[in-house]
>>> print(open('query_37.tsv').read())   # TSV, C-alpha atoms and all ligand atoms
chain	number	residue	atom	x	y	z
A	1	MET	CA	112.04	87.94	89.61
A	2	ASP	CA	112.06	84.22	90.45
A	3	SER	CA	108.74	82.48	90.34
A	4	ASN	CA	107.54	78.89	90.14
A	5	GLN	CA	104.75	78.86	87.57
A	6	ASN	CA	104.12	75.16	88.21
A	7	VAL	CA	102.30	76.07	91.41
A	8	VAL	CA	98.59	75.17	91.21
A	9	TYR	CA	96.10	77.42	93.01
A	10	GLU	CA	94.28	75.49	95.72
A	11	GLY	CA	92.19	78.25	97.29
A	12	PRO	CA	88.49	79.09	96.93
A	13	GLN	CA	86.76	80.55	93.85
A	14	ALA	CA	84.66	83.74	94.07
A	15	LYS	CA	83.52	86.50	91.72
A	16	ILE	CA	83.75	89.18	94.43
A	17	ALA	CA	86.48	89.89	96.94
A	18	SER	CA	87.51	92.46	99.53
A	19	LEU	CA	91.05	93.48	100.42
A	20	THR	CA	89.92	95.97	103.01
A	21	GLY	CA	92.51	96.81	105.58
A	22	SER	CA	92.82	99.72	107.96
A	23	PRO	CA	89.08	100.55	108.22
A	24	LEU	CA	88.88	97.19	110.01
A	25	TRP	CA	92.06	97.48	112.10
A	26	GLY	CA	89.94	98.06	115.19
A	27	LYS	CA	89.10	94.32	115.16
A	28	SER	CA	91.22	91.18	114.92
A	29	VAL	CA	90.77	88.94	111.86
A	30	GLN	CA	88.85	86.45	114.01
A	31	ASP	CA	86.55	89.17	115.39
A	32	VAL	CA	85.71	90.33	111.84
A	33	ILE	CA	84.92	86.75	110.75
A	34	GLU	CA	82.65	86.29	113.79
A	35	ALA	CA	80.87	89.59	113.16
A	36	TRP	CA	80.05	88.67	109.55
A	37	VAL	CA	79.01	85.14	110.48
A	38	SER	CA	76.67	86.55	113.15
A	39	GLN	CA	74.97	88.58	110.39
A	40	GLY	CA	74.32	85.50	108.28
A	41	TRP	CA	77.31	84.48	106.19
A	42	ILE	CA	78.81	80.99	106.41
A	43	HIS	CA	82.55	80.87	107.04
A	44	LYS	CA	83.78	78.11	104.72
A	45	GLY	CA	87.39	78.31	105.79
A	46	SER	CA	90.58	80.36	106.05
A	47	ALA	CA	93.92	79.29	104.59
A	48	ARG	CA	97.11	80.62	103.03
A	49	PRO	CA	97.42	79.20	99.49
A	50	MET	CA	100.84	78.72	97.91
A	51	THR	CA	101.61	81.06	95.01
A	52	PRO	CA	104.45	81.12	92.41
A	53	TYR	CA	106.02	83.86	94.54
A	54	GLY	CA	105.89	82.15	97.93
A	55	LEU	CA	103.24	81.52	100.56
A	56	GLY	CA	100.16	83.64	99.82
A	57	PRO	CA	98.08	85.84	102.10
A	58	LEU	CA	95.35	84.60	104.40
A	59	VAL	CA	92.28	83.99	102.21
A	60	VAL	CA	89.00	83.93	104.14
A	61	HIS	CA	86.13	82.31	102.27
A	62	PHE	CA	82.47	83.09	103.02
A	63	ILE	CA	79.19	82.02	101.46
A	64	ALA	CA	76.37	84.59	101.55
A	65	GLN	CA	72.72	83.66	102.17
A	66	ASP	CA	71.96	83.43	98.44
A	67	GLY	CA	74.97	81.17	97.82
A	68	ARG	CA	77.30	83.92	96.55
A	69	GLY	CA	80.96	83.12	97.23
A	70	ILE	CA	82.97	85.94	98.84
A	71	ILE	CA	86.69	86.19	99.53
A	72	TRP	CA	88.19	88.52	102.11
A	73	ILE	CA	91.97	88.95	102.21
A	74	PRO	CA	92.55	90.89	105.46
A	75	SER	CA	94.49	94.13	105.33
A	76	TYR	CA	95.43	94.03	101.61
A	77	GLY	CA	97.30	90.77	102.22
A	78	GLY	CA	99.80	92.43	104.55
A	79	GLU	CA	101.63	90.17	106.98
A	80	ALA	CA	102.50	91.49	110.45
A	81	GLY	CA	106.12	92.67	110.51
A	82	SER	CA	106.62	92.51	106.73
A	83	ASP	CA	107.34	95.48	104.40
A	84	PHE	CA	104.06	95.53	102.54
A	85	LEU	CA	105.29	97.11	99.30
A	86	TYR	CA	108.70	95.47	98.99
A	87	ASP	CA	108.01	91.85	99.91
A	88	GLN	CA	105.94	90.85	96.85
A	89	THR	CA	102.87	90.89	99.06
A	90	LEU	CA	100.62	92.38	96.40
A	91	THR	CA	102.05	90.15	93.65
A	92	ARG	CA	100.87	87.15	95.66
A	93	VAL	CA	97.53	88.81	96.44
A	94	PHE	CA	96.77	89.57	92.78
A	95	TRP	CA	97.83	86.09	91.64
A	96	VAL	CA	95.25	84.73	94.11
A	97	LEU	CA	92.55	87.14	92.83
A	98	TRP	CA	93.29	86.12	89.23
A	99	LYS	CA	93.24	82.38	89.94
A	100	ALA	CA	90.14	82.69	92.14
A	101	GLY	CA	88.24	84.26	89.21
A	102	VAL	CA	87.53	87.56	91.01
A	103	LYS	CA	85.76	90.19	88.85
A	104	VAL	CA	84.75	92.79	91.45
A	105	LEU	CA	87.20	94.00	94.06
A	106	LEU	CA	86.13	96.10	97.03
A	107	VAL	CA	88.92	98.00	98.77
A	108	GLY	CA	88.51	100.15	101.84
A	109	GLY	CA	91.44	102.25	102.95
A	110	THR	CA	92.17	105.04	105.38
A	111	SER	CA	94.17	108.17	104.80
A	112	GLY	CA	95.28	111.63	105.79
A	113	VAL	CA	93.87	114.55	103.84
A	114	ALA	CA	96.15	117.30	102.51
A	115	GLU	CA	93.37	119.91	102.38
A	116	TRP	CA	94.45	123.32	101.14
A	117	ARG	CA	90.90	124.76	100.98
A	118	LYS	CA	88.94	126.51	103.72
A	119	GLY	CA	85.25	126.38	104.53
A	120	GLU	CA	82.42	124.05	105.44
A	121	ASP	CA	82.61	121.65	102.52
A	122	ILE	CA	86.24	120.59	102.76
A	123	ILE	CA	87.32	117.02	103.51
A	124	ARG	CA	87.85	116.34	107.22
A	125	PRO	CA	88.78	113.39	109.43
A	126	GLY	CA	85.69	111.24	109.90
A	127	ASP	CA	84.50	111.64	106.27
A	128	ILE	CA	84.28	109.03	103.51
A	129	VAL	CA	85.78	109.78	100.09
A	130	LEU	CA	85.21	108.07	96.75
A	131	PRO	CA	88.49	108.86	94.97
A	132	THR	CA	88.66	110.04	91.36
A	133	ASP	CA	92.08	108.64	90.51
A	134	PHE	CA	95.59	108.27	91.91
A	135	ARG	CA	99.24	109.13	91.50
A	136	THR	CA	100.85	106.29	89.53
A	137	SER	CA	103.51	104.38	91.41
A	138	PRO	CA	106.54	102.26	90.47
A	139	ASP	CA	104.97	99.61	92.73
A	140	HIS	CA	101.95	99.19	90.46
A	141	ARG	CA	103.34	96.34	88.35
A	142	GLY	CA	102.17	93.07	86.73
A	143	LEU	CA	102.41	89.38	87.57
A	144	PRO	CA	105.96	88.21	86.72
A	145	GLY	CA	106.19	84.95	84.78
A	146	THR	CA	102.57	85.10	83.56
A	147	GLU	CA	100.79	86.56	80.52
A	148	PHE	CA	100.07	89.56	82.78
A	149	ALA	CA	103.73	90.35	83.50
A	150	THR	CA	103.43	93.67	81.71
A	151	VAL	CA	101.11	95.74	79.52
A	152	TRP	CA	103.02	96.88	76.42
A	153	PRO	CA	103.21	95.78	73.63
A	154	LYS	CA	100.22	93.44	73.85
A	155	TYR	CA	97.80	96.04	75.22
A	156	ASP	CA	97.26	99.74	75.50
A	157	LEU	CA	95.82	100.22	78.95
A	158	THR	CA	94.58	103.69	79.76
A	159	LEU	CA	93.53	104.91	83.17
A	160	GLU	CA	90.50	107.15	82.75
A	161	ASP	CA	88.11	106.37	85.62
A	162	PRO	CA	90.43	103.82	87.26
A	163	PHE	CA	87.78	103.12	89.89
A	164	CYS	CA	84.55	101.55	88.62
A	165	THR	CA	82.04	104.36	88.06
A	166	GLU	CA	79.16	101.92	87.59
A	167	LEU	CA	79.65	100.29	90.99
A	168	ALA	CA	80.58	103.58	92.69
A	169	ALA	CA	76.89	104.54	92.60
A	170	HIS	CA	76.09	101.60	94.89
A	171	LEU	CA	79.03	102.44	97.12
A	172	GLU	CA	77.92	106.07	97.44
A	173	ALA	CA	74.36	105.10	98.37
A	174	GLU	CA	75.64	102.72	101.03
A	175	ALA	CA	78.13	105.26	102.47
A	176	ARG	CA	75.44	107.96	102.72
A	177	ARG	CA	73.46	105.78	105.14
A	178	TYR	CA	76.01	106.59	107.88
A	179	VAL	CA	76.11	110.38	107.37
A	180	GLY	CA	74.94	112.36	110.35
A	181	GLY	CA	75.71	109.52	112.73
A	182	LEU	CA	78.96	107.64	112.48
A	183	ILE	CA	80.34	109.51	109.44
A	184	GLY	CA	80.73	113.23	108.67
A	185	ARG	CA	80.29	113.75	104.93
A	186	VAL	CA	80.60	111.66	101.78
A	187	HIS	CA	82.70	113.27	99.02
A	188	THR	CA	82.42	112.04	95.43
A	189	PRO	CA	84.19	112.98	92.16
A	190	ARG	CA	81.24	115.31	91.43
A	191	ASP	CA	82.29	117.56	94.35
A	192	VAL	CA	86.05	117.15	94.57
A	193	ARG	CA	88.57	115.28	92.43
A	194	VAL	CA	90.57	113.31	94.96
A	195	ALA	CA	93.80	111.55	93.96
A	196	LEU	CA	95.19	108.78	96.17
A	197	VAL	CA	98.89	109.12	96.94
A	198	VAL	CA	100.90	106.31	98.51
A	199	PRO	CA	103.66	107.66	100.78
A	200	ASP	CA	107.09	106.94	99.29
A	201	GLY	CA	108.59	105.90	102.61
A	202	ILE	CA	107.62	103.49	105.39
A	203	THR	CA	105.79	106.14	107.42
A	204	TYR	CA	103.96	109.47	107.06
A	205	GLU	CA	105.27	112.26	104.85
A	206	THR	CA	107.15	115.35	106.05
A	207	ASN	CA	105.67	118.84	106.26
A	208	PHE	CA	107.42	119.63	102.96
A	209	ASP	CA	105.88	116.64	101.18
A	210	ILE	CA	102.39	117.70	102.14
A	211	GLU	CA	102.97	121.40	101.39
A	212	MET	CA	104.13	120.30	97.93
A	213	TRP	CA	100.90	118.40	97.30
A	214	GLN	CA	98.80	121.27	98.66
A	215	ALA	CA	100.55	123.69	96.31
A	216	ILE	CA	100.14	121.33	93.35
A	217	CYS	CA	96.45	120.82	94.03
A	218	ALA	CA	95.77	124.53	94.56
A	219	THR	CA	97.47	125.29	91.22
A	220	ILE	CA	95.60	122.56	89.33
A	221	SER	CA	92.30	123.79	90.76
A	222	GLN	CA	93.13	127.33	89.63
A	223	MET	CA	94.12	126.07	86.15
A	224	LYS	CA	90.86	124.15	85.73
A	225	PRO	CA	88.14	126.30	87.33
A	226	ASP	CA	85.40	124.50	85.38
A	227	LYS	CA	86.19	121.19	87.11
A	228	PRO	CA	85.81	120.18	90.77
A	229	PRO	CA	88.90	121.10	92.80
A	230	ARG	CA	91.83	118.75	93.33
A	231	VAL	CA	92.80	117.37	96.76
A	232	THR	CA	95.11	114.47	97.68
A	233	LEU	CA	94.55	111.69	100.18
A	234	HIS	CA	97.64	110.00	101.56
A	235	GLY	CA	97.43	106.30	102.35
A	236	ASP	CA	96.91	103.09	100.38
A	237	CYS	CA	96.17	102.64	96.67
A	238	ILE	CA	96.09	98.96	95.85
A	239	ASN	CA	97.38	98.44	92.28
A	240	PRO	CA	94.46	99.64	90.07
A	241	VAL	CA	96.69	99.07	87.01
A	242	LEU	CA	97.01	95.31	87.51
A	243	ALA	CA	93.33	95.09	88.45
A	244	ARG	CA	92.40	96.66	85.10
A	245	LEU	CA	94.81	94.39	83.22
A	246	LEU	CA	93.09	91.40	84.86
A	247	GLY	CA	89.60	92.73	83.96
A	248	ILE	CA	88.64	93.40	87.58
A	249	HIS	CA	86.26	96.25	88.51
A	250	VAL	CA	87.71	98.10	91.52
A	251	VAL	CA	85.34	99.68	94.05
A	252	TYR	CA	87.45	101.93	96.27
A	253	TYR	CA	86.50	103.99	99.31
A	254	HIS	CA	88.68	105.89	101.74
A	255	MET	CA	87.88	106.74	105.32
A	256	VAL	CA	89.69	109.93	106.27
A	257	ALA	CA	91.45	109.27	109.57
A	258	ASN	CA	93.52	112.43	110.02
A	259	TRP	CA	94.85	115.66	108.61
A	260	ALA	CA	98.04	114.94	106.66
A	261	GLN	CA	101.35	115.93	108.24
A	262	GLY	CA	101.40	119.66	108.96
A	263	ALA	CA	97.99	120.33	107.40
A	264	SER	CA	96.48	121.14	110.80
A	265	ASP	CA	97.44	121.80	114.42
A	266	VAL	CA	95.59	118.60	115.31
A	267	GLY	CA	98.05	115.69	115.57
A	268	ILE	CA	97.72	112.68	113.27
A	269	VAL	CA	97.08	110.08	115.97
A	270	ASP	CA	94.70	112.35	117.91
A	271	THR	CA	91.95	111.58	115.42
A	272	LEU	CA	93.31	108.36	113.92
A	273	TYR	CA	93.21	106.15	117.03
A	274	PRO	CA	89.66	107.03	118.14
A	275	LEU	CA	88.30	106.68	114.59
A	276	TYR	CA	90.04	103.35	113.95
A	277	LEU	CA	88.90	101.92	117.28
A	278	GLY	CA	85.39	103.40	117.08
A	279	ASN	CA	83.29	104.60	114.18
A	280	PHE	CA	85.39	103.34	111.26
A	281	THR	CA	85.30	99.69	112.25
A	282	LYS	CA	81.56	99.84	112.97
A	283	VAL	CA	80.80	101.42	109.59
A	284	ALA	CA	83.23	99.27	107.58
A	285	LEU	CA	81.89	96.03	109.09
A	286	GLU	CA	78.32	96.86	108.13
A	287	MET	CA	79.10	98.56	104.83
A	288	GLU	CA	81.32	95.72	103.56
A	289	TRP	CA	78.77	93.10	104.57
A	290	ASN	CA	76.01	94.92	102.67
A	291	LEU	CA	78.12	95.66	99.58
A	292	LEU	CA	79.73	92.25	99.28
A	293	SER	CA	76.30	90.61	99.66
A	294	THR	CA	74.55	92.78	97.06
A	295	LEU	CA	76.94	94.50	94.60
A	296	PRO	CA	76.02	93.49	91.04
A	297	LEU	CA	78.70	91.93	88.86
A	298	PRO	CA	78.97	94.14	85.74
A	299	ASP	CA	78.57	91.91	82.70
A	300	GLY	CA	79.16	94.15	79.71
A	301	GLU	CA	81.68	96.72	78.64
A	302	SER	CA	79.78	99.72	79.96
A	303	CYS	CA	82.54	101.02	82.21
A	304	ALA	CA	86.10	102.13	81.60
A	305	CYS	CA	87.33	99.12	83.63
A	306	ILE	CA	86.89	96.98	80.52
A	307	LYS	CA	86.66	99.55	77.69
A	308	SER	CA	90.05	101.11	78.38
A	309	LEU	CA	92.01	97.89	77.91
A	310	HIS	CA	92.79	97.93	74.18
A	311	VAL	CA	94.32	94.89	72.42
A	312	ALA	CA	97.22	96.21	70.33
A	313	PRO	CA	98.20	94.99	66.83
A	314	GLU	CA	100.11	91.68	67.12
A	315	VAL	CA	103.00	92.98	65.04
A	316	PHE	CA	104.08	95.13	67.99
A	317	SER	CA	105.16	91.92	69.77
A	318	ALA	CA	106.89	90.57	66.66
A	319	ALA	CA	109.13	93.66	66.73
A	320	MET	CA	110.85	92.39	69.88
A	321	THR	CA	113.26	89.66	70.91
A	322	GLN	CA	111.16	86.51	71.15
A	323	GLY	CA	110.98	84.62	74.45
A	324	GLU	CA	111.97	80.99	74.85
B	401	ZN	ZN	83.69	98.80	86.18
>>> encode(input="query_37.tsv", output="structure tokens", more="lines below")
Ligand SMILES: [Zn+2]
Amino acid sequence: MDSNQNVVYEGPQAKIASLTGSPLWGKSVQDVIEAWVSQGWIHKGSARPMTPYGLGPLVVHFIAQDGRGIIWIPSYGGEAGSDFLYDQTLTRVFWVLWKAGVKVLLVGGTSGVAEWRKGEDIIRPGDIVLPTDFRTSPDHRGLPGTEFATVWPKYDLTLEDPFCTELAAHLEAEARRYVGGLIGRVHTPRDVRVALVVPDGITYETNFDIEMWQAICATISQMKPDKPPRVTLHGDCINPVLARLLGIHVVYYHMVANWAQGASDVGIVDTLYPLYLGNFTKVALEMEWNLLSTLPLPDGESCACIKSLHVAPEVFSAAMTQGE
């Protein structure tokens, strides 16, 4: 992949950033900025920095009341009309996060749930889910042309607890504030082990795709009766592999917007549009403001985010063709 590594980053610095997208699609970028400023943040500026891979995403820079710098990259860096996964969008986004010095990354997504269970406690549209892990994807790659282009042979990066368990406690407490009003239930890895699945195509899955995931999850749950059941959420999963390689703690929540294709008689957009335009935006605006203002920045190696990146013996690299 062509890249110009002479490009110098000219955007803001911040230890904490948000890439939150569809939970905020009920408001324009400008409306979101105005809402957060009205609650007390200072809007320092918005600009698209150049990256080695082309013009970067819109980077919105705020300063919180206590002086904390915060970056928000609207909608995962997606540009209107561009194929999000195939246009190097996330390569540019992560280069910005790396150069900006981001250590904690908040991501809010929305999804359809491929529930196969019955009963009161299942995941439904209108709920918030803290995912357990995700299906790995060929799109979860490194930063070409940099020391983070790939993982092997320099590191062994393992993916137990890919989402920061230390910060998830703060996220759960914040999400529970909306239960009984704007949100149905909050589901955590203690109750149900939810894997995020990114659709392989440019739209929703087929009935077969979802039936396949339901069957897989029902079987896994039967195989491992001592663990919480498995369910998949279908939507975004912003490269947790590269985040871990860069030493970034990822705090991920999903707002469930709909039943996945064929999982219910209720149509996808019948719940999705009202939730996007109503409760989700209200909750995400407040929740993000609170979390970005107050989330602690983990300093040690207490969570898997840092502990599971192992530096491999140097000889592994010497066993390969040497670069120029
Ligand atoms: Zn962590």
>>> closest_residue(input="query_37.tsv", among="A:Leu182, A:Val192, A:Ile42, A:Ala257", to="Asp121 (chain A)", atoms="only C-alpha atoms")
A:Val192
>>> residues_around(input="query_37.tsv", residues="region 281-289 of chain A", least_positions_apart="5", cutoff="10 Å", atoms="all atoms listed in the file", output="number ranges by chain")
A: 18, 20-27, 32-33, 35-37, 39-41, 64, 106-109, 171, 174-175, 177-178, 182-183, 255, 275-276, 294
>>> write_last_selection(input="query_37.tsv", atoms="C-alpha atoms", output="PDB file, in the coordinates of the input")
ATOM      1  CA  SER A  18      87.510  92.460  99.530  1.00  0.00           C
ATOM      2  CA  THR A  20      89.920  95.970 103.010  1.00  0.00           C
ATOM      3  CA  GLY A  21      92.510  96.810 105.580  1.00  0.00           C
ATOM      4  CA  SER A  22      92.820  99.720 107.960  1.00  0.00           C
ATOM      5  CA  PRO A  23      89.080 100.550 108.220  1.00  0.00           C
ATOM      6  CA  LEU A  24      88.880  97.190 110.010  1.00  0.00           C
ATOM      7  CA  TRP A  25      92.060  97.480 112.100  1.00  0.00           C
ATOM      8  CA  GLY A  26      89.940  98.060 115.190  1.00  0.00           C
ATOM      9  CA  LYS A  27      89.100  94.320 115.160  1.00  0.00           C
ATOM     10  CA  VAL A  32      85.710  90.330 111.840  1.00  0.00           C
ATOM     11  CA  ILE A  33      84.920  86.750 110.750  1.00  0.00           C
ATOM     12  CA  ALA A  35      80.870  89.590 113.160  1.00  0.00           C
ATOM     13  CA  TRP A  36      80.050  88.670 109.550  1.00  0.00           C
ATOM     14  CA  VAL A  37      79.010  85.140 110.480  1.00  0.00           C
ATOM     15  CA  GLN A  39      74.970  88.580 110.390  1.00  0.00           C
ATOM     16  CA  GLY A  40      74.320  85.500 108.280  1.00  0.00           C
ATOM     17  CA  TRP A  41      77.310  84.480 106.190  1.00  0.00           C
ATOM     18  CA  ALA A  64      76.370  84.590 101.550  1.00  0.00           C
ATOM     19  CA  LEU A 106      86.130  96.100  97.030  1.00  0.00           C
ATOM     20  CA  VAL A 107      88.920  98.000  98.770  1.00  0.00           C
ATOM     21  CA  GLY A 108      88.510 100.150 101.840  1.00  0.00           C
ATOM     22  CA  GLY A 109      91.440 102.250 102.950  1.00  0.00           C
ATOM     23  CA  LEU A 171      79.030 102.440  97.120  1.00  0.00           C
ATOM     24  CA  GLU A 174      75.640 102.720 101.030  1.00  0.00           C
ATOM     25  CA  ALA A 175      78.130 105.260 102.470  1.00  0.00           C
ATOM     26  CA  ARG A 177      73.460 105.780 105.140  1.00  0.00           C
ATOM     27  CA  TYR A 178      76.010 106.590 107.880  1.00  0.00           C
ATOM     28  CA  LEU A 182      78.960 107.640 112.480  1.00  0.00           C
ATOM     29  CA  ILE A 183      80.340 109.510 109.440  1.00  0.00           C
ATOM     30  CA  MET A 255      87.880 106.740 105.320  1.00  0.00           C
ATOM     31  CA  LEU A 275      88.300 106.680 114.590  1.00  0.00           C
ATOM     32  CA  TYR A 276      90.040 103.350 113.950  1.00  0.00           C
ATOM     33  CA  THR A 294      74.550  92.780  97.060  1.00  0.00           C
TER      34      THR A 294
END
>>> closest_residue(input="query_37.tsv", among="A:Thr271, A:Asn4, A:Thr132, A:Ser302", to="His187 (chain A)", atoms="all atoms listed in the file")
A:Thr132
>>> residues_near_ligand(input="query_37.tsv", ligand="ligand ZN 401 (chain B)", cutoff="6 Å", atoms="all atoms listed in the file", output="PyMOL selection string")
chain A and resi 164+166+249+303+305
>>> residues_around(input="query_37.tsv", residues="Pro229 (chain A)", least_positions_apart="5", cutoff="10 Å", atoms="all atoms listed in the file", output="list in words")
Arg117, Pro189, Arg190, Asp191, Val192, Arg193, Val194, Cys217, Ala218, Thr219, Ile220, Ser221, Gln222, Met223 and Lys224 of chain A
>>> atom_distance(input="query_37.tsv", atom1="CA of Pro296 (chain A)", atom2="CA of Ile16 (chain A)")
9.5 Å
>>> closest_residue(input="query_37.tsv", among="A:His170, A:Lys118, A:Lys154, A:Arg92", to="Met320 (chain A)", atoms="all atoms listed in the file")
A:Lys154
>>> atom_distance(input="query_37.tsv", atom1="CA of Ser137 (chain A)", atom2="CA of Val266 (chain A)")
28.9 Å
>>> residues_near_point(input="query_37.tsv", point="(103.6, 94.2, 86.5)", cutoff="12 Å", atoms="all atoms listed in the file", output="NGL selection string")
:A and (1 or 88 or 90-92 or 94-95 or 137-152 or 239-246)
>>> residues_around(input="query_37.tsv", residues="Arg135 (chain A)", least_positions_apart="6", cutoff="10 Å", atoms="all atoms listed in the file", output="short mmCIF file (atom, residue, chain, number, x, y, z; two decimals) with C-alpha atoms, in the frame of the given file")
data_model
loop_
_atom_site.label_atom_id
_atom_site.label_comp_id
_atom_site.auth_asym_id
_atom_site.auth_seq_id
_atom_site.Cartn_x
_atom_site.Cartn_y
_atom_site.Cartn_z
CA ALA A 195 93.80 111.55 93.96
CA LEU A 196 95.19 108.78 96.17
CA VAL A 197 98.89 109.12 96.94
CA VAL A 198 100.90 106.31 98.51
CA THR A 232 95.11 114.47 97.68
CA CYS A 237 96.17 102.64 96.67
#
>>> atom_distance(input="query_37.tsv", atom1="CA of Asp209 (chain A)", atom2="CA of Gln261 (chain A)")
8.4 Å
>>> closest_residue(input="query_37.tsv", among="A:Tyr252, A:Trp259, A:Trp213, A:Tyr204", to="Val231 (chain A)", atoms="only C-alpha atoms")
A:Trp213
>>> closest_residue(input="query_37.tsv", among="A:Thr321, A:Ser293, A:Thr188, A:Thr136", to="Arg68 (chain A)", atoms="all atoms listed in the file")
A:Ser293
>>> closest_residue(input="query_37.tsv", among="A:Asn207, A:Ala304, A:Val311, A:Asp265", to="Phe163 (chain A)", atoms="only C-alpha atoms")
A:Ala304
>>> axis_aligned_box(input="query_37.tsv", around="region 126-143 of chain A", padding_each_side="8 Å", output="JSON")
{"center_x": 95.4, "center_y": 100.5, "center_z": 98.3, "size_x": 38.3, "size_y": 38.3, "size_z": 39.2}
>>> residues_around(input="query_37.tsv", residues="region 48-62 of chain A", least_positions_apart="5", cutoff="7 Å", atoms="only C-alpha atoms", output="PDB file with C-alpha atoms, in the coordinates of the input")
ATOM      1  CA  SER A   3     108.740  82.480  90.340  1.00  0.00           C
ATOM      2  CA  ASN A   4     107.540  78.890  90.140  1.00  0.00           C
ATOM      3  CA  GLN A   5     104.750  78.860  87.570  1.00  0.00           C
ATOM      4  CA  VAL A   7     102.300  76.070  91.410  1.00  0.00           C
ATOM      5  CA  TYR A   9      96.100  77.420  93.010  1.00  0.00           C
ATOM      6  CA  GLU A  10      94.280  75.490  95.720  1.00  0.00           C
ATOM      7  CA  GLY A  11      92.190  78.250  97.290  1.00  0.00           C
ATOM      8  CA  PRO A  12      88.490  79.090  96.930  1.00  0.00           C
ATOM      9  CA  TRP A  41      77.310  84.480 106.190  1.00  0.00           C
ATOM     10  CA  ILE A  42      78.810  80.990 106.410  1.00  0.00           C
ATOM     11  CA  HIS A  43      82.550  80.870 107.040  1.00  0.00           C
ATOM     12  CA  GLY A  69      80.960  83.120  97.230  1.00  0.00           C
ATOM     13  CA  ILE A  70      82.970  85.940  98.840  1.00  0.00           C
ATOM     14  CA  ILE A  71      86.690  86.190  99.530  1.00  0.00           C
ATOM     15  CA  TRP A  72      88.190  88.520 102.110  1.00  0.00           C
ATOM     16  CA  ILE A  73      91.970  88.950 102.210  1.00  0.00           C
ATOM     17  CA  PRO A  74      92.550  90.890 105.460  1.00  0.00           C
ATOM     18  CA  GLY A  77      97.300  90.770 102.220  1.00  0.00           C
ATOM     19  CA  ARG A  92     100.870  87.150  95.660  1.00  0.00           C
ATOM     20  CA  VAL A  93      97.530  88.810  96.440  1.00  0.00           C
TER      21      VAL A  93
END
>>> decode(input="query_37.tsv", residues="region 48-59 of chain A", atoms="N, CA and C atoms", output="PDB file, in the first residue's frame")
ATOM      1  N   ARG A  48      -9.461  18.553   9.277  1.00  0.00           N
ATOM      2  CA  ARG A  48      -9.087  17.259   8.712  1.00  0.00           C
ATOM      3  C   ARG A  48      -7.574  17.233   8.495  1.00  0.00           C
ATOM      4  N   PRO A  49      -6.814  16.592   9.387  1.00  0.00           N
ATOM      5  CA  PRO A  49      -5.362  16.550   9.217  1.00  0.00           C
ATOM      6  C   PRO A  49      -4.962  15.642   8.050  1.00  0.00           C
ATOM      7  N   MET A  50      -3.844  15.963   7.431  1.00  0.00           N
ATOM      8  CA  MET A  50      -3.291  15.083   6.397  1.00  0.00           C
ATOM      9  C   MET A  50      -2.658  13.881   7.088  1.00  0.00           C
ATOM     10  N   THR A  51      -2.750  12.722   6.439  1.00  0.00           N
ATOM     11  CA  THR A  51      -2.119  11.500   6.949  1.00  0.00           C
ATOM     12  C   THR A  51      -1.264  10.903   5.828  1.00  0.00           C
ATOM     13  N   PRO A  52      -0.419   9.917   6.133  1.00  0.00           N
ATOM     14  CA  PRO A  52       0.390   9.278   5.069  1.00  0.00           C
ATOM     15  C   PRO A  52      -0.477   8.585   4.017  1.00  0.00           C
ATOM     16  N   TYR A  53      -1.748   8.393   4.337  1.00  0.00           N
ATOM     17  CA  TYR A  53      -2.636   7.628   3.453  1.00  0.00           C
ATOM     18  C   TYR A  53      -3.707   8.516   2.821  1.00  0.00           C
ATOM     19  N   GLY A  54      -3.491   9.812   2.833  1.00  0.00           N
ATOM     20  CA  GLY A  54      -4.472  10.742   2.268  1.00  0.00           C
ATOM     21  C   GLY A  54      -5.104  11.601   3.349  1.00  0.00           C
ATOM     22  N   LEU A  55      -6.032  12.448   2.928  1.00  0.00           N
ATOM     23  CA  LEU A  55      -6.654  13.390   3.861  1.00  0.00           C
ATOM     24  C   LEU A  55      -7.394  12.628   4.953  1.00  0.00           C
ATOM     25  N   GLY A  56      -7.136  12.978   6.201  1.00  0.00           N
ATOM     26  CA  GLY A  56      -7.701  12.261   7.344  1.00  0.00           C
ATOM     27  C   GLY A  56      -9.150  12.628   7.611  1.00  0.00           C
ATOM     28  N   PRO A  57      -9.720  11.994   8.653  1.00  0.00           N
ATOM     29  CA  PRO A  57     -11.112  12.265   9.021  1.00  0.00           C
ATOM     30  C   PRO A  57     -11.230  13.619   9.717  1.00  0.00           C
ATOM     31  N   LEU A  58     -12.460  14.061   9.878  1.00  0.00           N
ATOM     32  CA  LEU A  58     -12.703  15.265  10.673  1.00  0.00           C
ATOM     33  C   LEU A  58     -12.329  14.969  12.126  1.00  0.00           C
ATOM     34  N   VAL A  59     -11.457  15.797  12.696  1.00  0.00           N
ATOM     35  CA  VAL A  59     -11.035  15.629  14.090  1.00  0.00           C
ATOM     36  C   VAL A  59     -11.549  16.834  14.871  1.00  0.00           C
TER      37      VAL A  59
END
